[in-house]
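Undergrad: Mind having a look at this structure? Questions to follow.
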Amino acid sequence: MENFFENINFEQELFGAGKVLISEPFLPDPNFNRSVILLVEHNKEGTIGFVLNRPSDLMITDVIDEFPNSKIPVFLGGPVGLDQLFYMHTAGNLITGSKEILPGLFWGGNFEQIKLLIESGEITSNGIRFFVGYSGWSEHQLAEEVKERSWIVSKLKTHEIMSDSSSFWEDALKGMGKEFKVFAQFPEDPSLN
């Protein structure tokens, strides 16, 4: 059982692009407390994902000069690479260089095309999500954290990922069935229970 996660093919199936990590209720790391993370890449070097439920106080126009005037929020994707901007969108083949993560959900692509489509109104805040920083794990690190029960591995649909829910973490757990609904009810500070 020690080498259960050592098989990269098994890990790819478990942690591949499009999978979602839901933090257990009492994960002590403030970067990931009650977070939902969409994984976008997993290979021999490690895993990359973005926290879906950490909006910042910034709009994209606060982050990028000369960006089309739009009220599109920027999310905190994770604690790594905070000087980098990433994005996922539903514009599909309109953006060259995009990588499909889930049916109808794409990561990256030509930034100038993104700007033009936002300026023309073809992409609205419902169709794109910007992230400053990302979440990353080295080879087998995520597998170890799953074995320690820090994360629940799940799936969400594109419309769920792009939703603006203020209770994203709770909704993701409730969507997994009765046994996880109880987790969603746990108070953030158990001493207040």
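Residues in the structure tokens are named by chain (A, B, ... in the order shown) and by number from 1 within that chain; ligands are numbered from 1 in the order shown.
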If we count only C-alpha atoms and set the cut-off at 12 Å, which residues sit around Thr47 (chain A), ignoring sequence neighbours fewer than 2 positions away in its own chain? Please answer as a PyMOL selection string.
TA: chain A and resi 8+11-12+14-21+37-45+49-50+134-143
Undergrad: Mind the document's chain letters and residue numbers, and return as a ChimeraX atom specification the residues of region 2-176 of chain A that DSSP labels alpha helix (DSSP H).
TA: /A:8-15,60-63,111-119,141-147,158-161,168-174
Undergrad: Create the file for the chosen residues now, containing N, CA, C and O atoms and written as a short mmCIF file (atom, residue, chain, number, x, y, z; two decimals), in the first residue's frame.
TA:
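Everything below was put into out.cif:
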```
data_model
loop_
_atom_site.label_atom_id
_atom_site.label_comp_id
_atom_site.auth_asym_id
_atom_site.auth_seq_id
_atom_site.Cartn_x
_atom_site.Cartn_y
_atom_site.Cartn_z
N ILE A 8 2.15 6.85 -11.96
CA ILE A 8 1.77 8.14 -12.55
C ILE A 8 0.46 8.02 -13.34
O ILE A 8 -0.31 8.97 -13.40
N ASN A 9 0.19 6.88 -13.93
CA ASN A 9 -1.07 6.71 -14.68
C ASN A 9 -2.26 6.76 -13.73
O ASN A 9 -3.29 7.36 -14.04
N PHE A 10 -2.13 6.13 -12.57
CA PHE A 10 -3.20 6.19 -11.58
C PHE A 10 -3.37 7.61 -11.08
O PHE A 10 -4.48 8.12 -10.96
N GLU A 11 -2.25 8.28 -10.80
CA GLU A 11 -2.32 9.66 -10.35
C GLU A 11 -2.96 10.55 -11.42
O GLU A 11 -3.75 11.42 -11.10
N GLN A 12 -2.60 10.33 -12.68
CA GLN A 12 -3.17 11.14 -13.77
C GLN A 12 -4.69 10.99 -13.79
O GLN A 12 -5.41 11.97 -13.96
N GLU A 13 -5.15 9.77 -13.60
CA GLU A 13 -6.60 9.54 -13.58
C GLU A 13 -7.25 10.23 -12.38
O GLU A 13 -8.31 10.83 -12.47
N LEU A 14 -6.59 10.19 -11.24
CA LEU A 14 -7.14 10.77 -10.02
C LEU A 14 -7.02 12.29 -9.98
O LEU A 14 -7.94 12.98 -9.54
N PHE A 15 -5.90 12.84 -10.46
CA PHE A 15 -5.62 14.27 -10.34
C PHE A 15 -5.52 14.99 -11.67
O PHE A 15 -5.00 16.09 -11.74
N ILE A 60 -9.96 43.32 -13.05
CA ILE A 60 -8.88 43.11 -14.01
C ILE A 60 -8.26 44.44 -14.45
O ILE A 60 -7.06 44.52 -14.70
N THR A 61 -9.05 45.51 -14.49
CA THR A 61 -8.52 46.82 -14.87
C THR A 61 -7.56 47.38 -13.82
O THR A 61 -6.76 48.25 -14.12
N ASP A 62 -7.62 46.86 -12.58
CA ASP A 62 -6.67 47.26 -11.54
C ASP A 62 -5.32 46.56 -11.71
O ASP A 62 -4.29 47.03 -11.23
N VAL A 63 -5.35 45.42 -12.39
CA VAL A 63 -4.16 44.57 -12.51
C VAL A 63 -3.42 44.81 -13.82
O VAL A 63 -2.19 44.79 -13.86
N PHE A 111 -3.81 36.18 -25.19
CA PHE A 111 -4.31 37.24 -24.32
C PHE A 111 -4.88 38.41 -25.11
O PHE A 111 -5.87 39.03 -24.70
N GLU A 112 -4.28 38.74 -26.23
CA GLU A 112 -4.79 39.84 -27.06
C GLU A 112 -6.19 39.52 -27.58
O GLU A 112 -7.05 40.41 -27.65
N GLN A 113 -6.44 38.27 -27.94
CA GLN A 113 -7.78 37.87 -28.37
C GLN A 113 -8.78 37.98 -27.22
O GLN A 113 -9.91 38.40 -27.42
N ILE A 114 -8.35 37.62 -26.02
CA ILE A 114 -9.20 37.76 -24.84
C ILE A 114 -9.62 39.22 -24.68
O ILE A 114 -10.80 39.53 -24.50
N LYS A 115 -8.66 40.13 -24.75
CA LYS A 115 -8.94 41.55 -24.59
C LYS A 115 -9.94 42.04 -25.65
O LYS A 115 -10.89 42.76 -25.33
N LEU A 116 -9.74 41.63 -26.90
CA LEU A 116 -10.64 42.06 -27.97
C LEU A 116 -12.06 41.52 -27.77
O LEU A 116 -13.04 42.24 -27.99
N LEU A 117 -12.18 40.27 -27.34
CA LEU A 117 -13.50 39.68 -27.14
C LEU A 117 -14.21 40.30 -25.94
O LEU A 117 -15.44 40.42 -25.93
N ILE A 118 -13.46 40.71 -24.93
CA ILE A 118 -14.07 41.41 -23.80
C ILE A 118 -14.52 42.80 -24.23
O ILE A 118 -15.62 43.24 -23.92
N GLU A 119 -13.66 43.47 -24.99
CA GLU A 119 -13.98 44.82 -25.47
C GLU A 119 -15.23 44.82 -26.36
O GLU A 119 -16.07 45.71 -26.27
N GLN A 141 3.31 14.95 -4.08
CA GLN A 141 2.91 15.71 -2.90
C GLN A 141 1.39 15.71 -2.71
O GLN A 141 0.90 15.51 -1.60
N LEU A 142 0.66 15.92 -3.78
CA LEU A 142 -0.79 15.94 -3.68
C LEU A 142 -1.33 14.57 -3.27
O LEU A 142 -2.24 14.47 -2.45
N ALA A 143 -0.73 13.52 -3.81
CA ALA A 143 -1.16 12.17 -3.43
C ALA A 143 -0.99 11.95 -1.93
O ALA A 143 -1.87 11.37 -1.28
N GLU A 144 0.10 12.45 -1.37
CA GLU A 144 0.32 12.33 0.07
C GLU A 144 -0.74 13.10 0.85
O GLU A 144 -1.25 12.63 1.86
N GLU A 145 -1.07 14.29 0.39
CA GLU A 145 -2.08 15.10 1.08
C GLU A 145 -3.46 14.45 1.01
O GLU A 145 -4.25 14.54 1.96
N VAL A 146 -3.75 13.77 -0.09
CA VAL A 146 -5.03 13.05 -0.19
C VAL A 146 -5.03 11.86 0.76
O VAL A 146 -6.03 11.59 1.42
N LYS A 147 -3.90 11.16 0.85
CA LYS A 147 -3.80 10.04 1.80
C LYS A 147 -3.99 10.53 3.23
O LYS A 147 -4.56 9.83 4.06
N THR A 158 -18.86 22.59 -15.82
CA THR A 158 -18.38 23.92 -16.21
C THR A 158 -19.25 25.02 -15.63
O THR A 158 -18.74 25.99 -15.07
N HIS A 159 -20.57 24.90 -15.71
CA HIS A 159 -21.43 25.97 -15.19
C HIS A 159 -21.30 26.12 -13.67
O HIS A 159 -21.44 27.22 -13.14
N GLU A 160 -20.99 25.03 -12.97
CA GLU A 160 -20.76 25.12 -11.52
C GLU A 160 -19.45 25.84 -11.23
O GLU A 160 -19.37 26.67 -10.31
N ILE A 161 -18.42 25.54 -11.99
CA ILE A 161 -17.12 26.16 -11.80
C ILE A 161 -17.19 27.66 -12.07
O ILE A 161 -16.58 28.46 -11.36
N PHE A 168 -19.56 28.52 -2.28
CA PHE A 168 -19.00 27.57 -3.23
C PHE A 168 -18.54 26.28 -2.56
O PHE A 168 -18.83 25.19 -3.01
N TRP A 169 -17.80 26.41 -1.46
CA TRP A 169 -17.26 25.24 -0.77
C TRP A 169 -18.39 24.35 -0.24
O TRP A 169 -18.39 23.15 -0.44
N GLU A 170 -19.38 24.97 0.41
CA GLU A 170 -20.51 24.22 0.95
C GLU A 170 -21.31 23.55 -0.17
O GLU A 170 -21.69 22.38 -0.07
N ASP A 171 -21.55 24.29 -1.25
CA ASP A 171 -22.31 23.75 -2.38
C ASP A 171 -21.60 22.56 -3.01
O ASP A 171 -22.23 21.57 -3.38
N ALA A 172 -20.27 22.66 -3.15
CA ALA A 172 -19.50 21.56 -3.74
C ALA A 172 -19.60 20.31 -2.88
O ALA A 172 -19.78 19.19 -3.40
N LEU A 173 -19.52 20.46 -1.56
CA LEU A 173 -19.66 19.30 -0.66
C LEU A 173 -21.06 18.72 -0.71
O LEU A 173 -21.24 17.50 -0.80
N LYS A 174 -22.07 19.57 -0.65
CA LYS A 174 -23.46 19.08 -0.68
C LYS A 174 -23.76 18.34 -1.96
O LYS A 174 -24.52 17.37 -1.96
#
```
Undergrad: Mind giving me the straight-line distance from CA of Gly77 (chain A) to CA of Leu52 (chain A) in Å, one decimal?
TA: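 Computed distance, CA of Gly77 (chain A) to CA of Leu52 (chain A), equals 7.0 Å.
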Undergrad: With only C-alpha atoms as the atoms that count, which of A:Glu148, A:Asp29, A:Glu100, A:Asp65 lies nearest to Pro79 (chain A)?
TA: A:Asp29
Undergrad: Using only C-alpha atoms, which of the listed residues (A:Val153, A:Leu27, A:Leu102, A:Ile128) sits closest to Ile72 (chain A)?
TA: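 Counting only C-alpha atoms, the residue closest to Ile72 (chain A) is A:Ile128.
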Undergrad: Which of chain A end up as strand (DSSP E or B) when DSSP is run on this backbone - answer as a PyMOL selection string?
TA: chain A and resi 19-23+36-43+46-51+55-59+73-76+80-89+99-102+105-107+128-138+151-155
Undergrad: Between A:Gly78, A:Glu122, A:Met162, A:Pro55, which one has atoms that come closest to Leu94 (chain A), using only C-alpha atoms?
TA: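 Ranking A:Gly78, A:Glu122, A:Met162, A:Pro55 by distance to Leu94 (chain A), first place goes to A:Glu122.
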Undergrad: Distance CA of Phe106 (chain A)-CA of His89 (chain A), one decimal place?
TA: 5.2 Å
Undergrad: Quick one, how far is CA of Met88 (chain A) from CA of Ile101 (chain A)?
TA: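 About the pair CA of Met88 (chain A) and CA of Ile101 (chain A): they are 9.0 Å apart.
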Undergrad: Which residue, A:Gly46, A:Pro103, A:Gly97, A:Gly92, has the smallest gap to Lys157 (chain A) when you use only C-alpha atoms?
TA: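 The shortest atom-to-atom distance to Lys157 (chain A) comes from A:Pro103.
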Undergrad: Point out the residue among A:Ser23, A:Ser120, A:Ser150, A:Ser98 with the least atom-to-atom distance to Asn69 (chain A), counting only C-alpha atoms.
TA: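 So, comparing all the options, the nearest one is A:Ser120.
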Undergrad: For Leu105 (chain A), which residue out of A:Gly177, A:Gly127, A:Pro25, A:Gly121 is the nearest one, using only C-alpha atoms?
TA: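 The closest residue to Leu105 (chain A) is A:Gly127.
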